[in-house]
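S.K.: If you scroll down you'll find the structure; I have some questions about it.
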Amino acid sequence: MSAHSSSEDAEADRILMIKKILSAAFYAFASFMITVVNKTVLTSYAFPSYQVLGLGQMIATIIVLWCGRSLKVVQFPPLDSGIAHRIWPLPVIYLGNMATGLGGTKELSLPMFTALRRFSILMTMILERFVLGIKASWPVQVSVMAMVGGALLAAVDDVTFSWTGYTLVLLNDGFTAANGVYMKKKLDSKDLGKYGLMYYNALFMIVPAAIVAWCTGDLEHSAAYPHWDNMLFLAQFLMSCLMGFVLSYSVMLCTQYNSALTTTIIGCLKNILVTYLGMIIGGDYVYSLLNFVGLNISVLASLGYTYVTFKRKPNNYMLLNEANSRVTILNRM
């Protein structure tokens, strides 16, 4: 009986590990694709408003999930007076994360954008400690500090420095960290589920986002954009809108099967490709030796963290970690 139980536990662990790896790979692919497409739309085609692009992503999310629920492909609760309270503060974090991320992509070269994005990892680790009660191990802490150190070294010799770009990216780091941690908390509550969180985040924030875009004149500037008849631009604009939904789904899936910190790290690992491709895409990167060395230190530290995170842990350690996390979440809700 004991041998049979051990065999079942081993099989369950193997399936869980496969889900962890596949969800992480899916998120990395989606995050890579949307970063490249957004950069092309906002910089190469000089689309005037990252706010309007964000509105397109929210509209696509709402339409896809509404149709999916109507066709009974996905399920999530109908709108009621208590939903806003149950998902708070995720809608505000969602809007801030999307707006500052698109703005930072527009203002900075991709290599510098990816370097500064690594501060989100440190912020996530700190928030996990105080919100979820999860303390990172020493190997994890060392790898995170090395990533941040490499990012700082790269930023020191940034000859294309932009106050606006740096501010937007650092704000985006904070929103990303908060989104990952609070998403984990809401997913663990098993209330709305990943589809409900995605749908209502976009639904509650689309009107405020549209009002801001209208007040800043972004809607008018976007309507006057001269390349709406360019089929290649239009295809990439629509792809960006749909990839916004795919990215949101992949973030929730990865966070559900992994930790919020792991989801954030995976997002930065895909920047290994984005960093080097970004020296070509957009045409706004200026090479310097110190910057290049810093980027590579951060990349190597990211690889080290990946090894530390995904190597197999003993069952009792995993169960204890999960139990402690659940108790902390229930006490704080």
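Each chain of the structure tokens is named A, B, ... in the order shown, its residues numbered from 1; ligands are numbered from 1 in display order.
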Could you list, as JSON, numbers by chain, every residue within 8 Å of region 8-24 of chain A, counting only C-alpha atoms and ignoring same-chain residues fewer than 2 positions away?
M.R.: {"A": [4, 5, 6, 26, 27, 28, 250, 253, 254, 257, 258, 263, 266]}
S.K.: I'd like the interatomic distance between CA of Lys270 (chain A) and CA of Val36 (chain A), to a tenth of an Å.
M.R.: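 Between CA of Lys270 (chain A) and CA of Val36 (chain A) the gap is 11.1 Å.
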S.K.: Which residue gives the smallest distance to Val251 (chain A) among A:Tyr307, A:Phe204, A:Tyr94, A:Trp163, with only C-alpha atoms counted?
M.R.: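 Residue with the minimum atom-to-atom distance to Val251 (chain A): A:Tyr94.
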S.K.: Please report, as a Markdown table, each residue of region 56-139 of chain A lying at most 10 Å from region 235-238 of chain A, together with the nearest pair of atoms and the separation in Å rounded to one decimal; use only C-alpha atoms, and order rows by chain and ascending residue number.
M.R.:
```
| residue | atom | partner | partner_atom | distance |
| --- | --- | --- | --- | --- |
| A:Gly56 | CA | A:Leu238 | CA | 8.1 |
| A:Gln57 | CA | A:Leu238 | CA | 8.7 |
| A:Ala60 | CA | A:Leu238 | CA | 9.0 |
```
S.K.: Could you write out the selected residues, including N, CA and C atoms, as a PDB file, in the first residue's frame?
M.R.:
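New file again.pdb:
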```pdb
ATOM      1  N   GLY A  56      -6.811  48.827 -27.063  1.00  0.00           N
ATOM      2  CA  GLY A  56      -7.049  47.735 -28.009  1.00  0.00           C
ATOM      3  C   GLY A  56      -6.840  46.372 -27.364  1.00  0.00           C
ATOM      4  N   GLN A  57      -5.823  46.259 -26.519  1.00  0.00           N
ATOM      5  CA  GLN A  57      -5.554  44.999 -25.833  1.00  0.00           C
ATOM      6  C   GLN A  57      -6.667  44.658 -24.842  1.00  0.00           C
ATOM      7  N   ALA A  60      -9.806  43.523 -26.836  1.00  0.00           N
ATOM      8  CA  ALA A  60      -9.626  42.159 -27.337  1.00  0.00           C
ATOM      9  C   ALA A  60      -9.841  41.139 -26.227  1.00  0.00           C
TER      10      ALA A  60
END
```
S.K.: Can you work out the spacing between CA of Val299 (chain A) and CA of Ile121 (chain A) in Å, to one decimal?
M.R.: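 Taking CA of Val299 (chain A) as the start and CA of Ile121 (chain A) as the end point, the length is 13.0 Å.
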S.K.: If you measure from CA of Gly54 (chain A) to CA of Ala209 (chain A), what distance in Å do you get, rounded to one decimal?
M.R.: 8.5 Å
S.K.: Set the distance at 12 Å and use only C-alpha atoms: which residues neighbour Leu153 (chain A) once local chain neighbours fewer than 5 positions away are removed? I'd like the list as an NGL selection string.
M.R.: :A and (112 or 115-116 or 146-148 or 158 or 288-298)
S.K.: Could you save those same residues with N, CA, C and O atoms as a PDB file, in the first residue's frame?
M.R.:
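The resulting file, selection03.pdb, is reproduced below:
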```pdb
ATOM      1  N   MET A 112      17.962  48.461 -22.922  1.00  0.00           N
ATOM      2  CA  MET A 112      17.874  49.201 -21.664  1.00  0.00           C
ATOM      3  C   MET A 112      16.547  48.932 -20.964  1.00  0.00           C
ATOM      4  O   MET A 112      16.484  48.874 -19.731  1.00  0.00           O
ATOM      5  N   ALA A 115      16.998  45.696 -19.165  1.00  0.00           N
ATOM      6  CA  ALA A 115      17.887  45.826 -18.011  1.00  0.00           C
ATOM      7  C   ALA A 115      17.151  46.403 -16.810  1.00  0.00           C
ATOM      8  O   ALA A 115      17.233  45.885 -15.688  1.00  0.00           O
ATOM      9  N   LEU A 116      16.413  47.465 -17.030  1.00  0.00           N
ATOM     10  CA  LEU A 116      15.689  48.107 -15.934  1.00  0.00           C
ATOM     11  C   LEU A 116      14.530  47.250 -15.435  1.00  0.00           C
ATOM     12  O   LEU A 116      14.131  47.346 -14.263  1.00  0.00           O
ATOM     13  N   ALA A 146      22.420  39.471  -7.987  1.00  0.00           N
ATOM     14  CA  ALA A 146      23.353  39.516  -9.119  1.00  0.00           C
ATOM     15  C   ALA A 146      22.670  40.087 -10.361  1.00  0.00           C
ATOM     16  O   ALA A 146      23.267  40.872 -11.111  1.00  0.00           O
ATOM     17  N   MET A 147      21.401  39.715 -10.576  1.00  0.00           N
ATOM     18  CA  MET A 147      20.653  40.252 -11.713  1.00  0.00           C
ATOM     19  C   MET A 147      20.484  41.763 -11.605  1.00  0.00           C
ATOM     20  O   MET A 147      20.672  42.498 -12.568  1.00  0.00           O
ATOM     21  N   VAL A 148      20.111  42.214 -10.413  1.00  0.00           N
ATOM     22  CA  VAL A 148      19.918  43.647 -10.192  1.00  0.00           C
ATOM     23  C   VAL A 148      21.248  44.392 -10.322  1.00  0.00           C
ATOM     24  O   VAL A 148      21.312  45.483 -10.893  1.00  0.00           O
ATOM     25  N   ASP A 158      24.357  54.365 -19.781  1.00  0.00           N
ATOM     26  CA  ASP A 158      23.286  54.512 -20.768  1.00  0.00           C
ATOM     27  C   ASP A 158      23.388  55.888 -21.425  1.00  0.00           C
ATOM     28  O   ASP A 158      23.013  56.895 -20.822  1.00  0.00           O
ATOM     29  N   SER A 288      27.695  50.336 -25.805  1.00  0.00           N
ATOM     30  CA  SER A 288      28.857  50.706 -25.002  1.00  0.00           C
ATOM     31  C   SER A 288      29.325  49.461 -24.258  1.00  0.00           C
ATOM     32  O   SER A 288      28.510  48.587 -23.922  1.00  0.00           O
ATOM     33  N   LEU A 289      30.605  49.359 -23.981  1.00  0.00           N
ATOM     34  CA  LEU A 289      31.187  48.153 -23.385  1.00  0.00           C
ATOM     35  C   LEU A 289      30.630  47.885 -21.996  1.00  0.00           C
ATOM     36  O   LEU A 289      30.231  46.765 -21.673  1.00  0.00           O
ATOM     37  N   LEU A 290      30.577  48.915 -21.151  1.00  0.00           N
ATOM     38  CA  LEU A 290      30.094  48.740 -19.783  1.00  0.00           C
ATOM     39  C   LEU A 290      28.636  48.291 -19.766  1.00  0.00           C
ATOM     40  O   LEU A 290      28.244  47.413 -18.988  1.00  0.00           O
ATOM     41  N   ASN A 291      27.839  48.873 -20.639  1.00  0.00           N
ATOM     42  CA  ASN A 291      26.435  48.493 -20.751  1.00  0.00           C
ATOM     43  C   ASN A 291      26.306  47.032 -21.154  1.00  0.00           C
ATOM     44  O   ASN A 291      25.514  46.276 -20.580  1.00  0.00           O
ATOM     45  N   PHE A 292      27.098  46.616 -22.142  1.00  0.00           N
ATOM     46  CA  PHE A 292      27.037  45.248 -22.649  1.00  0.00           C
ATOM     47  C   PHE A 292      27.461  44.241 -21.586  1.00  0.00           C
ATOM     48  O   PHE A 292      26.849  43.184 -21.430  1.00  0.00           O
ATOM     49  N   VAL A 293      28.511  44.574 -20.829  1.00  0.00           N
ATOM     50  CA  VAL A 293      28.979  43.688 -19.749  1.00  0.00           C
ATOM     51  C   VAL A 293      27.893  43.536 -18.678  1.00  0.00           C
ATOM     52  O   VAL A 293      27.614  42.436 -18.201  1.00  0.00           O
ATOM     53  N   GLY A 294      27.264  44.653 -18.297  1.00  0.00           N
ATOM     54  CA  GLY A 294      26.204  44.605 -17.295  1.00  0.00           C
ATOM     55  C   GLY A 294      25.034  43.736 -17.734  1.00  0.00           C
ATOM     56  O   GLY A 294      24.490  42.960 -16.938  1.00  0.00           O
ATOM     57  N   LEU A 295      24.647  43.852 -18.993  1.00  0.00           N
ATOM     58  CA  LEU A 295      23.549  43.029 -19.512  1.00  0.00           C
ATOM     59  C   LEU A 295      23.876  41.544 -19.421  1.00  0.00           C
ATOM     60  O   LEU A 295      23.023  40.730 -19.045  1.00  0.00           O
ATOM     61  N   ASN A 296      25.105  41.187 -19.740  1.00  0.00           N
ATOM     62  CA  ASN A 296      25.491  39.778 -19.716  1.00  0.00           C
ATOM     63  C   ASN A 296      25.589  39.224 -18.302  1.00  0.00           C
ATOM     64  O   ASN A 296      25.259  38.063 -18.059  1.00  0.00           O
ATOM     65  N   ILE A 297      26.027  40.034 -17.339  1.00  0.00           N
ATOM     66  CA  ILE A 297      26.034  39.604 -15.935  1.00  0.00           C
ATOM     67  C   ILE A 297      24.611  39.294 -15.481  1.00  0.00           C
ATOM     68  O   ILE A 297      24.345  38.276 -14.836  1.00  0.00           O
ATOM     69  N   SER A 298      23.691  40.168 -15.840  1.00  0.00           N
ATOM     70  CA  SER A 298      22.288  39.979 -15.456  1.00  0.00           C
ATOM     71  C   SER A 298      21.697  38.736 -16.106  1.00  0.00           C
ATOM     72  O   SER A 298      20.929  37.990 -15.481  1.00  0.00           O
TER      73      SER A 298
END
```
S.K.: Which residues of region 143-260 of chain A come within 12 Å of region 64-75 of chain A, and for each one, what is the closest pair of atoms and their distance in Å to one decimal, counting only C-alpha atoms, sorted by chain and residue number, as a tab-separated table?
M.R.:
```
residue	atom	partner	partner_atom	distance
A:Asp191	CA	A:Gln75	CA	11.8
A:Leu192	CA	A:Gln75	CA	9.3
A:Gly193	CA	A:Gln75	CA	8.6
A:Lys194	CA	A:Gln75	CA	9.6
A:Tyr195	CA	A:Gln75	CA	7.2
A:Gly196	CA	A:Gln75	CA	7.8
A:Leu197	CA	A:Leu65	CA	10.7
A:Met198	CA	A:Leu65	CA	8.4
A:Tyr199	CA	A:Leu65	CA	6.4
A:Tyr200	CA	A:Leu65	CA	10.0
A:Asn201	CA	A:Leu65	CA	11.8
A:Ala202	CA	A:Leu65	CA	10.4
A:Leu203	CA	A:Trp66	CA	10.5
A:Cys241	CA	A:Val64	CA	11.1
A:Leu242	CA	A:Val64	CA	8.9
A:Met243	CA	A:Val64	CA	11.6
A:Gly244	CA	A:Val64	CA	11.3
A:Phe245	CA	A:Val64	CA	8.2
A:Val246	CA	A:Val64	CA	10.2
A:Ser248	CA	A:Leu65	CA	11.8
A:Tyr249	CA	A:Leu65	CA	10.6
```
S.K.: Pull the alpha helix (DSSP H) assignments for region 80-322 of chain A out of DSSP run on the backbone, and list those residues as an NGL selection string.
M.R.: :A and (83-87 or 90-107 or 110-117 or 119-127 or 138-156 or 163-188 or 193-215 or 218-223 or 231-257 or 260-269 or 271-277 or 289-310 or 315-322)
S.K.: Taking only C-alpha atoms into account, which of A:Leu53, A:Met205, A:Val144, A:Val286 comes nearest Ala301 (chain A)?
M.R.: A:Val144
S.K.: Between A:Gly96, A:Gly174, A:Pro139, A:Pro89, single out the one closest to Arg118 (chain A), counting only C-alpha atoms.
M.R.: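 Of all the options, A:Gly174 lies closest to Arg118 (chain A).
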S.K.: Find the residues near Val52 (chain A): any atom within 7 Å, counting only C-alpha atoms, skip ones fewer than 6 places away on the same chain, and give them as a list in words.
M.R.: Ala213, Asp218 and Leu219 of chain A
S.K.: Could you take the residues named above and write them with all heavy atoms, as a short mmCIF file (atom, residue, chain, number, x, y, z; two decimals), in the first residue's frame?
M.R.:
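Written file, part.cif:
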```cif
data_model
loop_
_atom_site.label_atom_id
_atom_site.label_comp_id
_atom_site.auth_asym_id
_atom_site.auth_seq_id
_atom_site.Cartn_x
_atom_site.Cartn_y
_atom_site.Cartn_z
N ALA A 213 -7.20 58.56 -22.12
CA ALA A 213 -6.73 58.70 -23.50
C ALA A 213 -7.42 59.88 -24.20
O ALA A 213 -6.80 60.59 -25.00
CB ALA A 213 -6.96 57.41 -24.27
N ASP A 218 -4.88 61.52 -26.92
CA ASP A 218 -4.33 60.35 -27.61
C ASP A 218 -5.32 59.73 -28.59
O ASP A 218 -4.93 59.22 -29.64
CB ASP A 218 -3.90 59.30 -26.58
CG ASP A 218 -2.55 59.62 -25.97
OD1 ASP A 218 -2.27 60.82 -25.77
OD2 ASP A 218 -1.77 58.69 -25.71
N LEU A 219 -6.61 59.77 -28.26
CA LEU A 219 -7.61 59.23 -29.18
C LEU A 219 -7.63 60.01 -30.49
O LEU A 219 -7.70 59.43 -31.58
CB LEU A 219 -8.99 59.26 -28.52
CG LEU A 219 -9.25 58.25 -27.40
CD1 LEU A 219 -10.65 58.46 -26.80
CD2 LEU A 219 -9.11 56.81 -27.90
#
```
S.K.: For each of A:Leu110, A:Val181, A:Val92, A:Leu247, take the minimum atom-to-atom distance to Gly133 (chain A), counting only C-alpha atoms, then give the residue where this is smallest.
M.R.: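 Going through A:Leu110, A:Val181, A:Val92, A:Leu247 one by one, the smallest distance to Gly133 (chain A) is for A:Val181.
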S.K.: Go through A:Phe130, A:Phe161, A:Tyr305, A:Phe233 one by one, measure the shortest atom-to-atom distance of each to Val37 (chain A) using only C-alpha atoms, and give the residue with the smallest value.
M.R.: A:Phe233
S.K.: Can you tell me which residues surround Tyr45 (chain A) at a distance of at most 12 Å, considering only C-alpha atoms, apart from same-chain residues fewer than 2 positions away, and format the answer as a list in words?
M.R.: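 Listing them by chain and then by number gives Val37, Asn38, Lys39, Thr40, Val41, Leu42, Thr43, Phe47, Pro48, Ser49, Lys106, Tyr225, Pro226, His227, Trp228, Asn230, Leu232, Phe233, Leu234, Gln236, Phe237, Ile281, Gly282 and Gly283 of chain A.
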S.K.: So which one's closest to Pro111 (chain A), A:Thr275, A:Ala223, A:Phe32, A:Thr306? Using only C-alpha atoms, please.
M.R.: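 Among the listed residues, the smallest separation from Pro111 (chain A) belongs to A:Thr275.
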